[in-house]
$ cat model.cif   # mmCIF, C-alpha atoms and all ligand atoms
data_data
loop_
_atom_site.group_PDB
_atom_site.id
_atom_site.type_symbol
_atom_site.label_atom_id
_atom_site.label_comp_id
_atom_site.auth_asym_id
_atom_site.auth_seq_id
_atom_site.Cartn_x
_atom_site.Cartn_y
_atom_site.Cartn_z
ATOM 1 C CA MET O 25 5.665 -55.271 -76.437
ATOM 2 C CA GLN O 26 4.031 -53.509 -73.545
ATOM 3 C CA VAL O 27 4.588 -54.535 -69.940
ATOM 4 C CA LYS O 28 0.790 -54.745 -69.558
ATOM 5 C CA ILE O 29 0.658 -57.509 -72.159
ATOM 6 C CA ILE O 30 3.311 -59.489 -70.259
ATOM 7 C CA LEU O 31 1.500 -58.979 -66.950
ATOM 8 C CA ASN O 32 -1.811 -60.107 -68.430
ATOM 9 C CA ARG O 33 -0.101 -63.218 -69.719
ATOM 10 C CA ILE O 34 1.775 -64.213 -66.559
ATOM 11 C CA GLU O 35 -0.374 -62.789 -63.792
ATOM 12 C CA LYS O 36 -3.965 -62.066 -64.738
ATOM 13 C CA HIS O 37 -6.518 -61.412 -62.009
ATOM 14 C CA PRO O 38 -10.092 -61.531 -63.330
ATOM 15 C CA SER O 39 -11.503 -58.730 -61.166
ATOM 16 C CA PHE O 40 -8.565 -56.360 -61.642
ATOM 17 C CA VAL O 41 -7.094 -54.433 -64.562
ATOM 18 C CA TYR O 42 -3.535 -53.237 -65.111
ATOM 19 C CA GLU O 43 -4.186 -49.643 -65.951
ATOM 20 C CA ALA O 44 -0.967 -47.748 -66.526
ATOM 21 C CA VAL O 45 2.708 -48.600 -66.398
ATOM 22 C CA GLY O 46 5.326 -45.962 -65.793
ATOM 23 C CA LEU O 47 9.098 -45.966 -65.515
ATOM 24 C CA VAL O 48 10.010 -43.806 -62.523
ATOM 25 C CA ASP O 49 13.432 -42.298 -61.891
ATOM 26 C CA GLY O 50 14.757 -42.016 -58.380
ATOM 27 C CA PRO O 51 17.559 -43.399 -56.256
ATOM 28 C CA ARG O 52 16.607 -46.664 -57.896
ATOM 29 C CA LEU O 53 14.875 -46.950 -61.277
ATOM 30 C CA ARG O 54 11.510 -48.620 -60.908
ATOM 31 C CA LEU O 55 8.452 -49.631 -62.867
ATOM 32 C CA GLU O 56 5.109 -48.728 -61.341
ATOM 33 C CA VAL O 57 1.992 -50.514 -62.455
ATOM 34 C CA LYS O 58 -1.325 -48.982 -61.496
ATOM 35 C CA VAL O 59 -4.029 -51.519 -60.788
ATOM 36 C CA ARG O 60 -7.748 -50.846 -60.591
ATOM 37 C CA THR O 61 -10.829 -53.015 -60.181
ATOM 38 C CA ARG O 62 -13.077 -53.851 -63.090
ATOM 39 C CA ALA O 63 -16.117 -51.618 -63.167
ATOM 40 C CA ASN O 64 -18.550 -54.377 -62.178
ATOM 41 C CA ALA O 65 -16.281 -56.225 -59.744
ATOM 42 C CA ARG O 66 -17.654 -56.191 -56.204
ATOM 43 C CA ALA O 67 -15.271 -56.129 -53.293
ATOM 44 C CA LYS O 68 -15.082 -59.170 -51.033
ATOM 45 C CA CYS O 69 -14.753 -59.414 -47.296
ATOM 46 C CA SER O 70 -11.324 -60.629 -46.157
ATOM 47 C CA GLY O 71 -12.986 -62.305 -43.167
ATOM 48 C CA CYS O 72 -15.496 -64.606 -44.872
ATOM 49 C CA GLY O 73 -14.737 -64.153 -48.577
ATOM 50 C CA ARG O 74 -18.296 -63.128 -49.440
ATOM 51 C CA PRO O 75 -19.036 -60.062 -51.583
ATOM 52 C CA ALA O 76 -19.798 -57.071 -49.407
ATOM 53 C CA PRO O 77 -20.863 -53.486 -50.041
ATOM 54 C CA GLY O 78 -18.036 -50.994 -50.218
ATOM 55 C CA ASP O 79 -17.379 -48.371 -47.610
ATOM 56 C CA ASP O 80 -14.426 -46.343 -48.862
ATOM 57 C CA THR O 81 -11.010 -46.634 -50.421
ATOM 58 C CA LEU O 82 -7.758 -46.595 -48.487
ATOM 59 C CA ALA O 83 -4.619 -44.736 -49.550
ATOM 60 C CA GLU O 84 -2.806 -46.305 -52.452
ATOM 61 C CA ARG O 85 -0.473 -49.113 -51.422
ATOM 62 C CA ARG O 86 2.661 -50.310 -53.103
ATOM 63 C CA PHE O 87 3.235 -54.033 -53.592
ATOM 64 C CA GLU O 88 6.628 -55.265 -54.689
ATOM 65 C CA PHE O 89 6.486 -57.541 -57.711
ATOM 66 C CA VAL O 90 9.127 -59.676 -59.432
ATOM 67 C CA PRO O 91 11.900 -57.433 -60.837
ATOM 68 C CA LEU O 92 12.194 -57.133 -64.591
ATOM 69 C CA TRP O 93 15.719 -56.859 -66.056
ATOM 70 C CA GLY O 94 16.863 -55.914 -62.554
ATOM 71 C CA ILE O 95 14.364 -53.033 -62.423
ATOM 72 C CA ALA O 96 12.170 -53.081 -59.318
ATOM 73 C CA VAL O 97 8.493 -53.474 -60.185
ATOM 74 C CA PHE O 98 5.702 -52.225 -57.940
ATOM 75 C CA MET O 99 1.962 -52.680 -58.226
ATOM 76 C CA LEU O 100 0.019 -49.676 -56.965
ATOM 77 C CA TYR O 101 -3.480 -50.262 -55.727
ATOM 78 C CA ALA O 102 -5.890 -48.483 -53.392
ATOM 79 C CA MET O 103 -7.653 -51.225 -51.449
ATOM 80 C CA ARG O 104 -11.362 -50.930 -50.737
ATOM 81 C CA ARG O 105 -12.873 -51.188 -47.305
ATOM 82 C CA VAL O 106 -16.118 -53.118 -47.063
ATOM 83 C CA VAL O 107 -18.882 -53.349 -44.511
ATOM 84 C CA CYS O 108 -19.618 -57.055 -44.200
ATOM 85 C CA PRO O 109 -22.946 -57.993 -42.577
ATOM 86 C CA HIS O 110 -21.160 -60.925 -40.876
ATOM 87 C CA CYS O 111 -17.671 -59.619 -40.055
ATOM 88 C CA GLY O 112 -18.044 -55.835 -39.826
ATOM 89 C CA VAL O 113 -15.649 -53.378 -41.466
ATOM 90 C CA LYS O 114 -12.826 -55.195 -43.281
ATOM 91 C CA VAL O 115 -10.301 -54.426 -45.973
ATOM 92 C CA GLU O 116 -10.813 -56.403 -49.168
ATOM 93 C CA PRO O 117 -8.326 -59.199 -49.910
ATOM 94 C CA VAL O 118 -6.234 -58.926 -53.088
ATOM 95 C CA PRO O 119 -5.225 -62.017 -55.059
ATOM 96 C CA TRP O 120 -1.573 -60.989 -55.479
ATOM 97 C CA ALA O 121 -0.667 -60.563 -51.794
ATOM 98 C CA THR O 122 -1.448 -62.077 -48.415
ATOM 99 C CA GLY O 123 -2.795 -60.030 -45.518
ATOM 100 C CA LYS O 124 -0.724 -56.951 -44.826
ATOM 101 C CA HIS O 125 2.293 -58.174 -46.796
ATOM 102 C CA ARG O 126 3.887 -55.657 -49.138
ATOM 103 C CA LEU O 127 5.557 -58.359 -51.167
ATOM 104 C CA THR O 128 3.380 -60.009 -53.813
ATOM 105 C CA ARG O 129 3.041 -63.807 -53.752
ATOM 106 C CA SER O 130 4.982 -63.956 -57.036
ATOM 107 C CA ALA O 131 7.855 -61.915 -55.599
ATOM 108 C CA ALA O 132 7.925 -64.118 -52.488
ATOM 109 C CA TRP O 133 8.172 -67.236 -54.691
ATOM 110 C CA PHE O 134 10.842 -65.594 -56.803
ATOM 111 C CA LEU O 135 12.958 -64.747 -53.732
ATOM 112 C CA ALA O 136 12.459 -68.197 -52.217
ATOM 113 C CA ARG O 137 13.690 -69.834 -55.425
ATOM 114 C CA TRP O 138 16.786 -67.635 -55.436
ATOM 115 C CA ALA O 139 17.488 -68.370 -51.779
ATOM 116 C CA ARG O 140 17.330 -72.098 -52.518
ATOM 117 C CA ARG O 141 19.709 -71.732 -55.447
ATOM 118 C CA LEU O 142 22.233 -69.773 -53.413
ATOM 119 C CA SER O 143 22.335 -72.232 -50.521
HETATM 120 ZN ZN ZN Z 1 -17.291 -61.164 -43.886
#

$ encode --input "model.cif" --output "structure tokens"
Amino acid sequence: MQVKIILNRIEKHPSFVYEAVGLVDGPRLRLEVKVRTRANARAKCSGCGRPAPGDDTLAERRFEFVPLWGIAVFMLYAMRRVVCPHCGVKVEPVPWATGKHRLTRSAAWFLARWARRLS
């Protein structure tokens, strides 16, 4: 079974697609999942939440996801910058993370659950 199938089952985001999954060697083995937007998905403004025309795309960012079999999992996504008629230039929000956090919501929940178990 492919990792993409698991991700689409447990963490599906309607406007985004899991594109490619790669196992990367390094000091620590990791899985990298490339994420892209659906072709017709318009970016939203992180200020007011309304769809806004795109400006450009920022450098690809790495979001830490829940580890799989002890292997670190990262989602890679280049966030879009929008020009909102109400809020000005903003970076789009992504459903898997909050603000500038590099940890996904799922990973934050996962760590919180572990912390509770250990205490
Ligand atoms: Zn706005």

$ atom_distance --input "model.cif" --atom1 "CA of Gly112 in chain O" --atom2 "CA of Asp80 in chain O"
13.6 Å

$ resolve_selection --input "model.cif" --expression "the PyMOL selection byres (((chain O and resi 27) around 10) and not hetatm)" --output "ChimeraX atom specification"
/O:25-26,28-33,42,44-46,55,57,92

$ residues_near_ligand --input "model.cif" --ligand "ligand ZN 1 (chain Z)" --cutoff "10 Å" --atoms "only C-alpha atoms and all ligand atoms" --output "PDB file with C-alpha atoms, in the coordinates of the input"
ATOM      1  CA  LYS O  68     -15.082 -59.170 -51.033  1.00  0.00           C
ATOM      2  CA  CYS O  69     -14.753 -59.414 -47.296  1.00  0.00           C
ATOM      3  CA  SER O  70     -11.324 -60.629 -46.157  1.00  0.00           C
ATOM      4  CA  GLY O  71     -12.986 -62.305 -43.167  1.00  0.00           C
ATOM      5  CA  CYS O  72     -15.496 -64.606 -44.872  1.00  0.00           C
ATOM      6  CA  GLY O  73     -14.737 -64.153 -48.577  1.00  0.00           C
ATOM      7  CA  ARG O  74     -18.296 -63.128 -49.440  1.00  0.00           C
ATOM      8  CA  PRO O  75     -19.036 -60.062 -51.583  1.00  0.00           C
ATOM      9  CA  ALA O  76     -19.798 -57.071 -49.407  1.00  0.00           C
ATOM     10  CA  VAL O 106     -16.118 -53.118 -47.063  1.00  0.00           C
ATOM     11  CA  VAL O 107     -18.882 -53.349 -44.511  1.00  0.00           C
ATOM     12  CA  CYS O 108     -19.618 -57.055 -44.200  1.00  0.00           C
ATOM     13  CA  PRO O 109     -22.946 -57.993 -42.577  1.00  0.00           C
ATOM     14  CA  HIS O 110     -21.160 -60.925 -40.876  1.00  0.00           C
ATOM     15  CA  CYS O 111     -17.671 -59.619 -40.055  1.00  0.00           C
ATOM     16  CA  GLY O 112     -18.044 -55.835 -39.826  1.00  0.00           C
ATOM     17  CA  VAL O 113     -15.649 -53.378 -41.466  1.00  0.00           C
ATOM     18  CA  LYS O 114     -12.826 -55.195 -43.281  1.00  0.00           C
ATOM     19  CA  VAL O 115     -10.301 -54.426 -45.973  1.00  0.00           C
ATOM     20  CA  GLU O 116     -10.813 -56.403 -49.168  1.00  0.00           C
TER      21      GLU O 116
END

$ resolve_selection --input "model.cif" --expression "the PyMOL selection byres (((chain O and resi 82) around 8) and not hetatm)" --output "ChimeraX atom specification"
/O:80-81,83-84,102-105

$ residues_around --input "model.cif" --residues "range 130-142 of chain O" --least-positions-apart "3" --cutoff "9 Å" --atoms "only C-alpha atoms" --output "list in words"
Glu35, Glu88, Phe89, Val90, Pro91, Trp120, Ala121 and Leu127 of chain O

$ closest_residue --input "model.cif" --among "O:Met99, O:Trp93, O:Asp79, O:Arg85" --to "Val59 in chain O" --atoms "only C-alpha atoms"
O:Met99

$ closest_residue --input "model.cif" --among "O:Arg129, O:Asp49, O:Tyr101, O:Val41" --to "Thr61 in chain O" --atoms "all atoms listed in the file"
O:Val41

$ axis_aligned_box --input "model.cif" --around "range 45-59 of chain O" --padding-each-side "4 Å" --output "JSON"
{"center_x": 6.8, "center_y": -46.8, "center_z": -61.3, "size_x": 29.6, "size_y": 17.5, "size_z": 18.1}

$ atom_distance --input "model.cif" --atom1 "CA of Gly94 in chain O" --atom2 "CA of Leu53 in chain O"
9.3 Å

$ atom_distance --input "model.cif" --atom1 "CA of Ala63 in chain O" --atom2 "CA of Ile34 in chain O"
22.1 Å

$ closest_residue --input "model.cif" --among "O:Phe87, O:Ser143, O:Asn64, O:Val97" --to "Gly123 in chain O" --atoms "all atoms listed in the file"
O:Phe87

$ build_atoms --input "model.cif" --residues "range 30-48 of chain O" --atoms "N, CA, C and O atoms" --output "short mmCIF file (atom, residue, chain, number, x, y, z; two decimals), in the frame of the given file"
data_model
loop_
_atom_site.label_atom_id
_atom_site.label_comp_id
_atom_site.auth_asym_id
_atom_site.auth_seq_id
_atom_site.Cartn_x
_atom_site.Cartn_y
_atom_site.Cartn_z
N ILE O 30 2.58 -58.44 -70.99
CA ILE O 30 3.31 -59.49 -70.26
C ILE O 30 2.58 -59.81 -68.95
O ILE O 30 2.36 -60.97 -68.63
N LEU O 31 2.18 -58.77 -68.23
CA LEU O 31 1.50 -58.98 -66.95
C LEU O 31 0.19 -59.75 -67.14
O LEU O 31 -0.14 -60.64 -66.36
N ASN O 32 -0.55 -59.40 -68.19
CA ASN O 32 -1.81 -60.11 -68.43
C ASN O 32 -1.58 -61.56 -68.81
O ASN O 32 -2.44 -62.41 -68.59
N ARG O 33 -0.42 -61.84 -69.36
CA ARG O 33 -0.10 -63.22 -69.72
C ARG O 33 0.34 -64.02 -68.50
O ARG O 33 -0.08 -65.15 -68.29
N ILE O 34 1.20 -63.44 -67.66
CA ILE O 34 1.78 -64.21 -66.56
C ILE O 34 1.00 -64.08 -65.26
O ILE O 34 1.08 -64.94 -64.40
N GLU O 35 0.29 -63.00 -65.08
CA GLU O 35 -0.37 -62.79 -63.79
C GLU O 35 -1.67 -62.01 -64.00
O GLU O 35 -1.74 -60.81 -63.77
N LYS O 36 -2.68 -62.71 -64.46
CA LYS O 36 -3.96 -62.07 -64.74
C LYS O 36 -4.91 -62.33 -63.57
O LYS O 36 -5.02 -63.45 -63.10
N HIS O 37 -5.54 -61.28 -63.09
CA HIS O 37 -6.52 -61.41 -62.01
C HIS O 37 -7.86 -60.94 -62.55
O HIS O 37 -7.99 -59.75 -62.90
N PRO O 38 -8.84 -61.84 -62.65
CA PRO O 38 -10.09 -61.53 -63.33
C PRO O 38 -10.80 -60.25 -62.88
O PRO O 38 -11.35 -59.55 -63.72
N SER O 39 -10.75 -59.91 -61.63
CA SER O 39 -11.50 -58.73 -61.17
C SER O 39 -10.69 -57.44 -61.22
O SER O 39 -11.18 -56.38 -60.84
N PHE O 40 -9.44 -57.54 -61.65
CA PHE O 40 -8.56 -56.36 -61.64
C PHE O 40 -7.97 -56.10 -63.03
O PHE O 40 -7.83 -57.00 -63.84
N VAL O 41 -7.63 -54.85 -63.27
CA VAL O 41 -7.09 -54.43 -64.56
C VAL O 41 -5.77 -53.70 -64.33
O VAL O 41 -5.68 -52.88 -63.42
N TYR O 42 -4.77 -54.02 -65.15
CA TYR O 42 -3.54 -53.24 -65.11
C TYR O 42 -3.80 -51.99 -65.94
O TYR O 42 -4.09 -52.07 -67.13
N GLU O 43 -3.73 -50.85 -65.29
CA GLU O 43 -4.19 -49.64 -65.95
C GLU O 43 -3.07 -48.89 -66.66
O GLU O 43 -3.13 -48.63 -67.83
N ALA O 44 -2.05 -48.53 -65.93
CA ALA O 44 -0.97 -47.75 -66.53
C ALA O 44 0.36 -48.23 -65.98
O ALA O 44 0.45 -48.64 -64.83
N VAL O 45 1.36 -48.20 -66.82
CA VAL O 45 2.71 -48.60 -66.40
C VAL O 45 3.63 -47.42 -66.64
O VAL O 45 3.61 -46.82 -67.71
N GLY O 46 4.41 -47.09 -65.63
CA GLY O 46 5.33 -45.96 -65.79
C GLY O 46 6.70 -46.31 -65.27
O GLY O 46 6.84 -47.03 -64.29
N LEU O 47 7.72 -45.79 -65.96
CA LEU O 47 9.10 -45.97 -65.52
C LEU O 47 9.43 -44.73 -64.69
O LEU O 47 9.31 -43.60 -65.18
N VAL O 48 9.80 -44.94 -63.43
CA VAL O 48 10.01 -43.81 -62.52
C VAL O 48 11.48 -43.71 -62.13
O VAL O 48 12.08 -44.69 -61.68
#
